[in-house]
$ cat start30.tsv   # TSV, C-alpha atoms (C1' of nucleotides)
chain	number	residue	atom	x	y	z
A	1	MET	CA	9.59	-50.32	40.73
A	2	ASN	CA	10.57	-49.05	37.29
A	3	TYR	CA	10.72	-45.48	36.01
A	4	GLU	CA	7.13	-45.33	34.73
A	5	GLU	CA	5.68	-46.78	37.91
A	6	ALA	CA	7.73	-44.45	40.08
A	7	LYS	CA	6.77	-41.44	37.99
A	8	HIS	CA	3.10	-42.32	38.17
A	9	LYS	CA	3.26	-42.91	41.90
A	10	PHE	CA	5.00	-39.61	42.48
A	11	ILE	CA	2.55	-37.59	40.38
A	12	SER	CA	-0.53	-39.11	41.93
A	13	THR	CA	0.74	-38.89	45.50
A	14	TRP	CA	2.03	-35.37	45.23
A	15	GLY	CA	-1.14	-34.46	43.36
A	16	SER	CA	-3.38	-35.70	46.12
A	17	LEU	CA	-1.27	-33.76	48.62
A	18	GLY	CA	-2.29	-30.64	46.75
A	19	SER	CA	-5.09	-30.03	49.22
A	20	LEU	CA	-2.46	-29.71	51.93
A	21	TRP	CA	-0.95	-26.71	50.27
A	22	GLY	CA	-4.25	-25.35	49.00
A	23	ILE	CA	-4.35	-26.15	45.30
A	24	ASN	CA	-6.43	-28.57	43.30
A	25	LYS	CA	-5.47	-31.97	41.98
A	26	ALA	CA	-4.86	-31.09	38.37
A	27	MET	CA	-2.76	-28.09	39.33
A	28	ALA	CA	-0.63	-30.21	41.63
A	29	GLN	CA	-0.25	-32.93	39.03
A	30	ILE	CA	0.85	-30.54	36.33
A	31	GLN	CA	3.42	-29.07	38.67
A	32	SER	CA	4.63	-32.55	39.64
A	33	LEU	CA	5.03	-33.56	36.04
A	34	LEU	CA	7.06	-30.48	35.21
A	35	PHE	CA	9.05	-30.90	38.38
A	36	ILE	CA	10.55	-34.22	37.29
A	37	SER	CA	10.71	-33.47	33.58
A	38	THR	CA	14.17	-32.99	32.08
A	39	LYS	CA	12.86	-30.48	29.55
A	40	PRO	CA	10.04	-27.95	29.13
A	41	LEU	CA	6.68	-29.46	28.18
A	42	SER	CA	3.97	-28.18	25.85
A	43	MET	CA	0.27	-28.17	26.57
A	44	GLU	CA	-0.10	-31.19	24.30
A	45	ASP	CA	2.56	-33.06	26.29
A	46	ILE	CA	0.82	-32.32	29.56
A	47	MET	CA	-2.64	-33.23	28.26
A	48	ALA	CA	-1.38	-36.52	26.91
A	49	GLU	CA	0.62	-37.43	29.97
A	50	LEU	CA	-2.08	-36.63	32.54
A	51	LYS	CA	-5.07	-37.39	30.31
A	52	ILE	CA	-6.81	-34.15	31.03
A	53	SER	CA	-8.58	-31.77	28.67
A	54	ARG	CA	-7.14	-28.79	26.91
A	55	GLY	CA	-9.32	-26.39	28.88
A	56	ASN	CA	-8.35	-27.86	32.20
A	57	THR	CA	-4.68	-27.79	31.30
A	58	SER	CA	-4.86	-24.20	30.15
A	59	MET	CA	-6.68	-22.97	33.25
A	60	ASN	CA	-4.45	-24.76	35.69
A	61	LEU	CA	-1.27	-23.69	33.96
A	62	ARG	CA	-2.48	-20.16	34.27
A	63	GLN	CA	-3.07	-20.57	37.98
A	64	LEU	CA	0.40	-22.05	38.42
A	65	MET	CA	1.81	-19.05	36.62
A	66	ASP	CA	-0.22	-16.74	38.87
A	67	TRP	CA	1.33	-18.46	41.86
A	68	GLY	CA	4.70	-17.85	40.25
A	69	ILE	CA	5.90	-21.44	40.23
A	70	VAL	CA	5.51	-22.17	36.54
A	71	THR	CA	6.84	-20.07	33.69
A	72	LYS	CA	6.40	-20.03	29.92
A	73	GLU	CA	9.47	-20.97	28.01
A	74	ILE	CA	9.84	-19.70	24.48
A	75	ILE	CA	11.71	-22.15	22.32
A	76	PRO	CA	13.18	-20.38	19.27
A	77	GLY	CA	11.69	-21.54	16.02
A	78	GLU	CA	8.81	-23.27	17.83
A	79	ARG	CA	5.30	-22.01	17.49
A	80	ARG	CA	3.82	-23.66	20.55
A	81	GLU	CA	4.43	-22.64	24.13
A	82	TYR	CA	6.47	-24.64	26.57
A	83	PHE	CA	6.33	-24.66	30.34
A	84	THR	CA	8.77	-25.24	33.18
A	85	THR	CA	8.47	-25.14	36.94
A	86	GLU	CA	10.79	-23.88	39.61
A	87	LYS	CA	13.16	-26.78	40.22
A	88	ASP	CA	14.64	-25.76	43.55
A	89	VAL	CA	12.57	-27.14	46.39
A	90	GLN	CA	13.59	-24.41	48.83
A	91	GLU	CA	12.50	-21.73	46.43
A	92	LEU	CA	9.30	-23.63	45.72
A	93	ALA	CA	8.52	-23.84	49.42
A	94	ARG	CA	9.28	-20.15	49.80
A	95	VAL	CA	6.85	-19.14	47.06
A	96	ILE	CA	4.09	-21.45	48.21
A	97	ALA	CA	4.35	-20.42	51.84
A	98	LYS	CA	4.31	-16.77	50.89
A	99	GLU	CA	1.27	-17.11	48.65
A	100	ARG	CA	-0.75	-19.12	51.13
A	101	SER	CA	0.10	-16.71	53.86
A	102	ARG	CA	-0.96	-13.75	51.79
A	103	ARG	CA	-4.14	-15.31	50.46
A	104	GLU	CA	-5.42	-17.17	53.47
A	105	ILE	CA	-3.63	-16.58	56.74
A	106	GLU	CA	-3.25	-12.82	56.73
A	107	PRO	CA	-6.96	-12.14	56.17
A	108	VAL	CA	-7.76	-14.42	59.08
A	109	ILE	CA	-5.26	-12.68	61.31
A	110	LYS	CA	-6.95	-9.42	60.44
A	111	VAL	CA	-10.36	-10.73	61.47
A	112	LEU	CA	-8.97	-12.18	64.68
A	113	LYS	CA	-7.52	-8.81	65.51
A	114	GLU	CA	-10.84	-7.09	64.88
A	115	VAL	CA	-12.83	-9.60	66.88
A	116	SER	CA	-10.43	-9.60	69.80
A	117	SER	CA	-10.59	-5.82	69.90
A	118	ILE	CA	-14.29	-5.43	70.60
A	119	GLU	CA	-15.21	-3.41	73.62
A	120	ASP	CA	-15.25	-5.34	76.88
A	121	ASP	CA	-18.77	-4.92	78.23
A	122	GLY	CA	-17.81	-6.75	81.40
A	123	SER	CA	-19.86	-9.87	80.70
A	124	GLU	CA	-18.28	-13.26	81.10
A	125	LYS	CA	-18.98	-14.33	77.53
A	126	THR	CA	-17.43	-11.19	76.07
A	127	LYS	CA	-14.36	-11.65	78.23
A	128	GLU	CA	-14.05	-15.24	77.02
A	129	LEU	CA	-14.44	-14.26	73.37
A	130	ILE	CA	-11.77	-11.59	73.71
A	131	LYS	CA	-9.40	-13.84	75.60
A	132	GLN	CA	-9.68	-16.79	73.24
A	133	THR	CA	-9.54	-14.88	69.97
A	134	LYS	CA	-6.57	-12.92	71.28
A	135	ALA	CA	-4.75	-16.15	72.07
A	136	LEU	CA	-5.55	-17.46	68.61
A	137	HIS	CA	-4.43	-14.21	67.06
A	138	ASP	CA	-1.09	-14.32	68.82
A	139	LEU	CA	-0.50	-17.94	67.93
A	140	THR	CA	-1.47	-17.51	64.29
A	141	GLU	CA	0.62	-14.40	63.90
A	142	THR	CA	3.65	-16.01	65.51
A	143	ALA	CA	3.36	-19.15	63.38
A	144	ASN	CA	2.83	-17.11	60.25
A	145	SER	CA	5.81	-14.92	60.92
A	146	MET	CA	8.02	-17.89	61.76
A	147	VAL	CA	7.19	-19.67	58.55
A	148	GLY	CA	7.78	-16.47	56.65
A	149	LYS	CA	11.17	-15.96	58.21
A	150	LEU	CA	12.31	-19.55	57.86
A	151	VAL	CA	11.24	-19.85	54.32
A	152	ASN	CA	12.85	-16.61	53.31
A	153	GLN	CA	16.29	-17.90	54.04
A	154	LYS	CA	17.78	-18.80	50.70
A	155	GLN	CA	20.33	-21.09	52.24
A	156	ASN	CA	19.29	-23.74	54.60
A	157	TRP	CA	22.00	-23.35	57.25
A	158	ILE	CA	19.41	-21.85	59.48
A	159	THR	CA	17.14	-24.83	59.15
A	160	LYS	CA	19.98	-27.07	60.19
A	161	SER	CA	20.95	-24.94	63.15
A	162	LEU	CA	17.35	-24.70	64.26
A	163	LEU	CA	16.97	-28.43	64.12
A	164	LYS	CA	20.07	-28.79	66.24
A	165	LEU	CA	18.74	-26.27	68.72
A	166	ILE	CA	15.43	-27.95	69.26
A	167	ASN	CA	16.72	-31.50	69.32
B	1	MET	CA	-19.03	-4.44	66.67
B	2	ASN	CA	-21.06	-6.01	69.46
B	3	TYR	CA	-20.75	-9.44	71.01
B	4	GLU	CA	-23.11	-11.24	68.65
B	5	GLU	CA	-21.52	-9.76	65.54
B	6	ALA	CA	-18.04	-10.55	66.78
B	7	LYS	CA	-19.00	-14.10	67.67
B	8	HIS	CA	-20.57	-14.65	64.28
B	9	LYS	CA	-17.59	-13.20	62.49
B	10	PHE	CA	-15.19	-15.35	64.44
B	11	ILE	CA	-17.12	-18.57	63.86
B	12	SER	CA	-17.54	-18.02	60.16
B	13	THR	CA	-13.96	-16.91	59.57
B	14	TRP	CA	-12.37	-19.62	61.60
B	15	GLY	CA	-14.79	-22.08	60.02
B	16	SER	CA	-13.75	-21.16	56.52
B	17	LEU	CA	-10.12	-21.51	57.54
B	18	GLY	CA	-10.91	-25.14	58.31
B	19	SER	CA	-9.66	-26.17	54.90
B	20	LEU	CA	-6.25	-24.84	55.87
B	21	TRP	CA	-5.94	-27.31	58.64
B	22	GLY	CA	-7.74	-30.08	56.79
B	23	ILE	CA	-11.19	-30.27	58.30
B	24	ASN	CA	-14.60	-29.36	56.94
B	25	LYS	CA	-16.62	-26.25	57.61
B	26	ALA	CA	-19.13	-27.66	60.07
B	27	MET	CA	-16.38	-29.31	62.08
B	28	ALA	CA	-14.43	-26.08	62.28
B	29	GLN	CA	-17.54	-24.11	63.21
B	30	ILE	CA	-18.49	-26.46	66.01
B	31	GLN	CA	-14.99	-26.26	67.40
B	32	SER	CA	-15.05	-22.46	67.14
B	33	LEU	CA	-18.33	-22.25	68.97
B	34	LEU	CA	-17.08	-24.44	71.80
B	35	PHE	CA	-13.81	-22.55	71.87
B	36	ILE	CA	-15.45	-19.27	72.87
B	37	SER	CA	-18.22	-20.76	74.97
B	38	THR	CA	-18.01	-20.23	78.71
B	39	LYS	CA	-19.68	-23.55	79.41
B	40	PRO	CA	-20.13	-27.00	77.82
B	41	LEU	CA	-22.77	-27.14	75.09
B	42	SER	CA	-25.27	-29.86	74.22
B	43	MET	CA	-26.04	-31.09	70.74
B	44	GLU	CA	-29.25	-29.06	70.82
B	45	ASP	CA	-27.30	-25.92	71.68
B	46	ILE	CA	-24.89	-26.48	68.82
B	47	MET	CA	-27.64	-27.28	66.31
B	48	ALA	CA	-29.57	-24.17	67.26
B	49	GLU	CA	-26.58	-21.87	67.25
B	50	LEU	CA	-25.12	-23.01	63.94
B	51	LYS	CA	-28.41	-23.96	62.28
B	52	ILE	CA	-27.23	-27.38	61.22
B	53	SER	CA	-28.99	-30.73	61.42
B	54	ARG	CA	-28.80	-33.27	64.18
B	55	GLY	CA	-27.02	-35.78	61.94
B	56	ASN	CA	-24.42	-33.31	60.82
B	57	THR	CA	-23.77	-32.21	64.38
B	58	SER	CA	-23.44	-35.76	65.61
B	59	MET	CA	-21.03	-36.81	62.88
B	60	ASN	CA	-18.81	-33.79	63.18
B	61	LEU	CA	-18.69	-33.95	66.94
B	62	ARG	CA	-17.53	-37.51	66.58
B	63	GLN	CA	-14.78	-36.49	64.21
B	64	LEU	CA	-13.67	-33.75	66.58
B	65	MET	CA	-13.51	-36.33	69.34
B	66	ASP	CA	-11.49	-38.62	67.07
B	67	TRP	CA	-9.05	-35.79	66.54
B	68	GLY	CA	-8.89	-35.44	70.28
B	69	ILE	CA	-9.84	-31.78	70.48
B	70	VAL	CA	-13.38	-32.14	71.77
B	71	THR	CA	-14.49	-34.19	74.76
B	72	LYS	CA	-17.78	-35.28	76.22
B	73	GLU	CA	-18.61	-33.71	79.51
B	74	ILE	CA	-20.96	-35.54	81.83
B	75	ILE	CA	-22.99	-33.13	83.87
B	76	PRO	CA	-24.31	-34.87	87.01
B	77	GLY	CA	-28.06	-35.17	87.03
B	78	GLU	CA	-28.30	-34.27	83.34
B	79	ARG	CA	-29.43	-36.81	80.82
B	80	ARG	CA	-28.05	-35.19	77.73
B	81	GLU	CA	-24.41	-35.06	76.73
B	82	TYR	CA	-22.36	-31.90	76.80
B	83	PHE	CA	-19.25	-31.06	74.86
B	84	THR	CA	-16.17	-28.95	75.42
B	85	THR	CA	-13.06	-28.27	73.39
B	86	GLU	CA	-9.45	-27.89	74.38
B	87	LYS	CA	-9.16	-24.26	75.40
B	88	ASP	CA	-5.40	-23.84	75.30
B	89	VAL	CA	-4.30	-22.73	71.85
B	90	GLN	CA	-0.83	-24.21	72.20
B	91	GLU	CA	-2.25	-27.59	73.04
B	92	LEU	CA	-4.78	-27.26	70.23
B	93	ALA	CA	-2.01	-26.51	67.77
B	94	ARG	CA	-0.01	-29.45	69.08
B	95	VAL	CA	-2.85	-31.90	68.58
B	96	ILE	CA	-3.80	-30.61	65.14
B	97	ALA	CA	-0.24	-30.60	63.86
B	98	LYS	CA	0.34	-34.09	65.14
B	99	GLU	CA	-2.83	-35.46	63.57
B	100	ARG	CA	-2.27	-33.86	60.21
B	101	SER	CA	1.27	-35.05	60.18
B	102	ARG	CA	0.25	-38.59	60.96
B	103	ARG	CA	-2.67	-38.69	58.55
B	104	GLU	CA	-1.29	-36.84	55.59
B	105	ILE	CA	2.36	-35.93	55.67
B	106	GLU	CA	3.91	-39.15	56.87
B	107	PRO	CA	2.30	-41.29	54.17
B	108	VAL	CA	3.61	-38.88	51.55
B	109	ILE	CA	7.10	-38.98	53.00
B	110	LYS	CA	6.96	-42.74	52.76
B	111	VAL	CA	6.05	-42.61	49.07
B	112	LEU	CA	8.74	-40.03	48.36
B	113	LYS	CA	11.27	-42.31	49.97
B	114	GLU	CA	10.14	-45.27	47.86
B	115	VAL	CA	10.12	-43.31	44.64
B	116	SER	CA	13.51	-41.72	45.25
B	117	SER	CA	14.97	-45.15	45.97
B	118	ILE	CA	14.31	-46.74	42.59
B	119	GLU	CA	17.31	-48.19	40.83
B	120	ASP	CA	19.30	-45.72	38.78
B	121	ASP	CA	19.28	-47.12	35.25
B	122	GLY	CA	21.64	-44.38	34.12
B	123	SER	CA	19.08	-42.53	31.98
B	124	GLU	CA	18.74	-38.80	32.34
B	125	LYS	CA	15.05	-38.93	33.21
B	126	THR	CA	15.58	-41.50	35.96
B	127	LYS	CA	18.39	-39.42	37.42
B	128	GLU	CA	16.13	-36.37	37.43
B	129	LEU	CA	13.27	-38.24	39.08
B	130	ILE	CA	15.56	-39.54	41.80
B	131	LYS	CA	17.20	-36.18	42.36
B	132	GLN	CA	13.97	-34.20	42.57
B	133	THR	CA	12.00	-36.62	44.70
B	134	LYS	CA	14.96	-36.95	47.04
B	135	ALA	CA	15.09	-33.17	47.45
B	136	LEU	CA	11.36	-33.10	48.13
B	137	HIS	CA	11.69	-35.96	50.58
B	138	ASP	CA	14.40	-34.18	52.54
B	139	LEU	CA	12.50	-30.91	52.63
B	140	THR	CA	9.21	-32.52	53.65
B	141	GLU	CA	10.85	-34.61	56.32
B	142	THR	CA	12.72	-31.64	57.73
B	143	ALA	CA	9.64	-29.44	57.79
B	144	ASN	CA	7.55	-32.21	59.32
B	145	SER	CA	10.06	-32.87	62.03
B	146	MET	CA	10.48	-29.19	62.80
B	147	VAL	CA	6.79	-28.66	63.23
B	148	GLY	CA	6.61	-31.77	65.38
B	149	LYS	CA	9.38	-30.56	67.62
B	150	LEU	CA	8.16	-27.01	67.93
B	151	VAL	CA	4.65	-27.96	68.64
B	152	ASN	CA	5.62	-30.51	71.22
B	153	GLN	CA	7.04	-27.92	73.52
B	154	LYS	CA	4.44	-27.37	76.18
B	155	GLN	CA	5.82	-23.99	77.10
B	156	ASN	CA	6.42	-21.45	74.45
B	157	TRP	CA	9.78	-20.13	75.58
B	158	ILE	CA	11.32	-21.92	72.66
B	159	THR	CA	9.06	-20.19	70.19
B	160	LYS	CA	10.11	-16.88	71.59
B	161	SER	CA	13.81	-17.69	71.50
B	162	LEU	CA	13.52	-19.01	67.97
B	163	LEU	CA	11.83	-15.85	66.85
B	164	LYS	CA	14.62	-13.85	68.39
B	165	LEU	CA	17.19	-16.01	66.67
B	166	ILE	CA	15.77	-15.60	63.20
B	167	ASN	CA	14.94	-11.93	63.46
C	1	DT	C1'	-4.30	-10.20	5.05
C	2	DA	C1'	-5.55	-14.95	5.03
C	3	DT	C1'	-5.05	-19.04	7.15
C	4	DA	C1'	-3.11	-22.47	9.93
C	5	DA	C1'	-1.49	-23.32	14.50
C	6	DC	C1'	-2.09	-22.57	18.52
C	7	DT	C1'	-4.45	-20.78	23.40
C	8	DT	C1'	-8.27	-19.14	26.15
C	9	DT	C1'	-12.88	-18.88	27.70
C	10	DC	C1'	-17.01	-20.54	29.57
C	11	DA	C1'	-21.56	-22.91	29.58
C	12	DA	C1'	-22.75	-27.46	30.33
C	13	DT	C1'	-21.87	-31.57	32.83
C	14	DA	C1'	-19.63	-34.71	35.87
C	15	DA	C1'	-17.55	-35.83	40.15
C	16	DT	C1'	-17.01	-35.04	44.75
C	17	DT	C1'	-18.21	-33.65	49.17
C	18	DA	C1'	-21.42	-32.07	52.71
C	19	DC	C1'	-25.96	-32.10	54.83
C	20	DT	C1'	-30.54	-33.55	56.07
C	21	DG	C1'	-34.03	-36.05	58.36
C	22	DA	C1'	-36.15	-39.97	59.73
C	23	DA	C1'	-35.54	-44.59	61.31
C	24	DA	C1'	-32.84	-47.46	64.22
C	25	DG	C1'	-30.16	-47.76	68.24
C	26	DT	C1'	-28.90	-46.82	73.11
C	27	DT	C1'	-29.30	-45.46	77.82
C	28	DT	C1'	-31.47	-44.19	82.03
C	29	DA	C1'	-34.85	-44.11	85.37
C	30	DA	C1'	-39.33	-45.21	87.05
D	1	DT	C1'	-39.20	-54.00	81.31
D	2	DT	C1'	-41.03	-50.24	79.41
D	3	DA	C1'	-41.03	-45.78	77.86
D	4	DA	C1'	-39.07	-41.45	77.39
D	5	DA	C1'	-34.95	-38.98	76.27
D	6	DC	C1'	-31.53	-38.89	73.98
D	7	DT	C1'	-27.67	-40.20	70.03
D	8	DT	C1'	-26.15	-42.48	65.83
D	9	DT	C1'	-26.51	-44.09	61.25
D	10	DC	C1'	-27.13	-43.71	56.49
D	11	DA	C1'	-29.74	-43.39	52.07
D	12	DG	C1'	-31.18	-39.66	49.59
D	13	DT	C1'	-30.44	-34.98	48.21
D	14	DA	C1'	-28.24	-30.58	47.89
D	15	DA	C1'	-24.25	-27.76	47.32
D	16	DT	C1'	-19.85	-27.19	45.78
D	17	DT	C1'	-15.98	-27.87	42.97
D	18	DA	C1'	-13.56	-29.74	38.95
D	19	DT	C1'	-13.56	-30.98	34.12
D	20	DT	C1'	-14.80	-31.12	29.41
D	21	DG	C1'	-15.16	-29.60	24.73
D	22	DA	C1'	-16.25	-26.60	21.35
D	23	DA	C1'	-16.47	-21.85	19.97
D	24	DA	C1'	-14.07	-17.60	20.20
D	25	DG	C1'	-9.77	-15.40	20.41
D	26	DT	C1'	-4.82	-14.69	19.26
D	27	DT	C1'	-0.48	-14.88	16.85
D	28	DA	C1'	2.97	-16.07	13.38
D	29	DT	C1'	4.13	-16.76	8.81
D	30	DA	C1'	3.35	-17.40	3.91

$ encode --input "start30.tsv" --output "structure tokens"
Amino acid sequence: MNYEEAKHKFISTWGSLGSLWGINKAMAQIQSLLFISTKPLSMEDIMAELKISRGNTSMNLRQLMDWGIVTKEIIPGERREYFTTEKDVQELARVIAKERSRREIEPVIKVLKEVSSIEDDGSEKTKELIKQTKALHDLTETANSMVGKLVNQKQNWITKSLLKLIN
Amino acid sequence: MNYEEAKHKFISTWGSLGSLWGINKAMAQIQSLLFISTKPLSMEDIMAELKISRGNTSMNLRQLMDWGIVTKEIIPGERREYFTTEKDVQELARVIAKERSRREIEPVIKVLKEVSSIEDDGSEKTKELIKQTKALHDLTETANSMVGKLVNQKQNWITKSLLKLIN
DNA sequence: TATAACTTTCAATAATTACTGAAAGTTTAA
DNA sequence: TTAAACTTTCAGTAATTATTGAAAGTTATA
């Protein structure tokens, strides 16, 4: 496998994984491209490389900036804008986990709390609803908080020691 | 909030969270419904409750059975088939994490390994590709294995002790 | 301040994904 | 072995989501 093949394979695989971390294909592909680029890229560069339209590129770059994983780079003397992504995988994971948690998991935890707090009218079905949503609430909250904690560690010594512990 | 409101809120919220764990809305809703039901439900019950078609119900039930989180229940003397879901949240989490890992994460890890193993031709861009995909490979593999390990613990003492450790 | 170089917006369209419903298939029991 | 009771399949359609492209907007510099 040569450089071009490897690059293409990486971008398309990582792009299709986008759904796993809650972003669309183009967004994931743009991030992938920047992630392995040795220098900042312009919108033209990205459009040409991924063969996507100007509008699509613009909108998805904006979303990536909203997520905080892509930033504009001003190159002195250059009119056009250049873009780079966070290059440290740990930091990337931290940002993504935090955003997903805030946007998707926390609202669900809130609803689970509400639902599991309805008044127990003594009926079997109400008891079951309360019991099950409470269990789900506890699990979701624990998982959410664990990911938050883990991912907030800048160094990864803790990851290593955790792995040791659970092996 | 009364029982019916709470039930509806739970099913629709948990259903829309489906995307987070990689399944579609109807599938998540069916699972939710079974999860808070005090007894096995038939296809008719599910169709009526969620207002979805017979075909949709059938296909999504099948998928849930493929995932291993819903099972057919044979009720003696009854012609029609009844369905139940795994009621233990820990076990549910275990199964889901394992399936997602197998279906989505492992194939990506494989590609990352391939891509990061291309021959270093000495060029800057090749070095960058190798370096970045290797970092991603290590992170993904570590995260995948951690989730696998955590979720494989039948008891949750380890979750508790881990939480203590990282607090 | 005019204009060229660039970016953003958004209505239209394309692509993808989910859902329906009816026909075909299966099973059970009389 | 037939018929009723049920489930599955899948082509067609609907709903959702992503993408384009051109017009509008912005900014830098001559």

$ closest_atom_pairs --input "start30.tsv" --of "chain D" --to "chain A" --cutoff "10 Å" --atoms "all atoms listed in the file" --output "CSV"
residue,atom,partner,partner_atom,distance
D:DT17,C1',A:Asn24,CA,9.6
D:DA18,C1',A:Asn24,CA,8.4
D:DT19,C1',A:Asn56,CA,6.4
D:DT20,C1',A:Ser53,CA,6.3
D:DG21,C1',A:Gly55,CA,7.9
D:DT27,C1',A:Arg79,CA,9.2
D:DA28,C1',A:Arg79,CA,7.6

$ closest_atom_pairs --input "start30.tsv" --of "chain B" --to "chain A" --cutoff "8 Å" --atoms "only C-alpha atoms" --output "JSON lines"
{"residue": "B:Met1", "atom": "CA", "partner": "A:Ile118", "partner_atom": "CA", "distance": 6.2}
{"residue": "B:Asn2", "atom": "CA", "partner": "A:Ile118", "partner_atom": "CA", "distance": 6.9}
{"residue": "B:Tyr3", "atom": "CA", "partner": "A:Thr126", "partner_atom": "CA", "distance": 6.3}
{"residue": "B:Ala6", "atom": "CA", "partner": "A:Val115", "partner_atom": "CA", "distance": 5.3}
{"residue": "B:Lys7", "atom": "CA", "partner": "A:Leu129", "partner_atom": "CA", "distance": 7.3}
{"residue": "B:Lys9", "atom": "CA", "partner": "A:Val115", "partner_atom": "CA", "distance": 7.4}
{"residue": "B:Phe10", "atom": "CA", "partner": "A:Val115", "partner_atom": "CA", "distance": 6.7}
{"residue": "B:Thr13", "atom": "CA", "partner": "A:Val108", "partner_atom": "CA", "distance": 6.7}
{"residue": "B:Trp14", "atom": "CA", "partner": "A:Val108", "partner_atom": "CA", "distance": 7.4}
{"residue": "B:Leu17", "atom": "CA", "partner": "A:Glu104", "partner_atom": "CA", "distance": 7.6}
{"residue": "B:Leu20", "atom": "CA", "partner": "A:Gly22", "partner_atom": "CA", "distance": 7.2}
{"residue": "B:Trp21", "atom": "CA", "partner": "A:Leu20", "partner_atom": "CA", "distance": 7.9}
{"residue": "B:Gly22", "atom": "CA", "partner": "A:Leu20", "partner_atom": "CA", "distance": 7.2}
{"residue": "B:Phe35", "atom": "CA", "partner": "A:Gln132", "partner_atom": "CA", "distance": 7.2}
{"residue": "B:Ile36", "atom": "CA", "partner": "A:Leu129", "partner_atom": "CA", "distance": 5.1}
{"residue": "B:Ser37", "atom": "CA", "partner": "A:Lys125", "partner_atom": "CA", "distance": 7.0}
{"residue": "B:Thr38", "atom": "CA", "partner": "A:Lys125", "partner_atom": "CA", "distance": 6.1}
{"residue": "B:Lys87", "atom": "CA", "partner": "A:Gln132", "partner_atom": "CA", "distance": 7.8}
{"residue": "B:Val89", "atom": "CA", "partner": "A:Leu136", "partner_atom": "CA", "distance": 6.3}
{"residue": "B:Gln90", "atom": "CA", "partner": "A:Leu139", "partner_atom": "CA", "distance": 7.6}
{"residue": "B:Glu104", "atom": "CA", "partner": "A:Leu17", "partner_atom": "CA", "distance": 7.6}
{"residue": "B:Val108", "atom": "CA", "partner": "A:Thr13", "partner_atom": "CA", "distance": 6.7}
{"residue": "B:Val111", "atom": "CA", "partner": "A:Phe10", "partner_atom": "CA", "distance": 7.3}
{"residue": "B:Leu112", "atom": "CA", "partner": "A:Phe10", "partner_atom": "CA", "distance": 7.0}
{"residue": "B:Val115", "atom": "CA", "partner": "A:Ala6", "partner_atom": "CA", "distance": 5.3}
{"residue": "B:Ile118", "atom": "CA", "partner": "A:Met1", "partner_atom": "CA", "distance": 6.2}
{"residue": "B:Glu119", "atom": "CA", "partner": "A:Asn2", "partner_atom": "CA", "distance": 7.7}
{"residue": "B:Glu124", "atom": "CA", "partner": "A:Thr38", "partner_atom": "CA", "distance": 7.4}
{"residue": "B:Lys125", "atom": "CA", "partner": "A:Thr38", "partner_atom": "CA", "distance": 6.1}
{"residue": "B:Thr126", "atom": "CA", "partner": "A:Tyr3", "partner_atom": "CA", "distance": 6.3}
{"residue": "B:Glu128", "atom": "CA", "partner": "A:Ile36", "partner_atom": "CA", "distance": 6.0}
{"residue": "B:Leu129", "atom": "CA", "partner": "A:Ile36", "partner_atom": "CA", "distance": 5.2}
{"residue": "B:Gln132", "atom": "CA", "partner": "A:Ile36", "partner_atom": "CA", "distance": 6.3}
{"residue": "B:Thr133", "atom": "CA", "partner": "A:Ile36", "partner_atom": "CA", "distance": 7.9}
{"residue": "B:Ala135", "atom": "CA", "partner": "A:Val89", "partner_atom": "CA", "distance": 6.6}
{"residue": "B:Leu136", "atom": "CA", "partner": "A:Val89", "partner_atom": "CA", "distance": 6.3}
{"residue": "B:Leu139", "atom": "CA", "partner": "A:Val89", "partner_atom": "CA", "distance": 7.3}
{"residue": "B:Met146", "atom": "CA", "partner": "A:Leu163", "partner_atom": "CA", "distance": 6.7}
{"residue": "B:Lys149", "atom": "CA", "partner": "A:Ile166", "partner_atom": "CA", "distance": 6.8}
{"residue": "B:Leu150", "atom": "CA", "partner": "A:Ile166", "partner_atom": "CA", "distance": 7.5}
{"residue": "B:Leu162", "atom": "CA", "partner": "A:Leu162", "partner_atom": "CA", "distance": 7.8}
{"residue": "B:Leu163", "atom": "CA", "partner": "A:Met146", "partner_atom": "CA", "distance": 6.7}
{"residue": "B:Ile166", "atom": "CA", "partner": "A:Lys149", "partner_atom": "CA", "distance": 6.8}
{"residue": "B:Asn167", "atom": "CA", "partner": "A:Lys149", "partner_atom": "CA", "distance": 7.6}

$ closest_atom_pairs --input "start30.tsv" --of "chain C" --to "chain A" --cutoff "9 Å" --atoms "only C-alpha atoms (C1' of nucleotides)" --output "Markdown table"
| residue | atom | partner | partner_atom | distance |
| --- | --- | --- | --- | --- |
| C:DA5 | C1' | A:Arg79 | CA | 7.5 |
| C:DC6 | C1' | A:Arg80 | CA | 6.3 |
| C:DT7 | C1' | A:Ser58 | CA | 7.6 |
| C:DT8 | C1' | A:Ser58 | CA | 7.3 |
| C:DT9 | C1' | A:Gly55 | CA | 8.4 |

$ closest_residue --input "start30.tsv" --among "A:Ile74, A:Ile23, A:Phe83, A:Ser101" --to "A:Ile46" --atoms "all atoms listed in the file"
A:Phe83

$ residues_around --input "start30.tsv" --residues "A:Asn152" --least-positions-apart "5" --cutoff "9 Å" --atoms "only C-alpha atoms (C1' of nucleotides)" --output "PyMOL selection string"
chain A and resi 91+94+98+147

$ axis_aligned_box --input "start30.tsv" --around "stretch 14-22 of chain D" --padding-each-side "4 Å" --output "JSON"
{"center_x": -20.9, "center_y": -28.9, "center_z": 34.6, "size_x": 22.7, "size_y": 12.5, "size_z": 34.5}

$ atom_distance --input "start30.tsv" --atom1 "atom C1' of D:DA15" --atom2 "atom C1' of C:DC19"
8.8 Å

$ residues_around --input "start30.tsv" --residues "D:DA4" --least-positions-apart "2" --cutoff "10 Å" --atoms "only C-alpha atoms (C1' of nucleotides)" --output "number ranges by chain"
C: 28-29; D: 2, 6
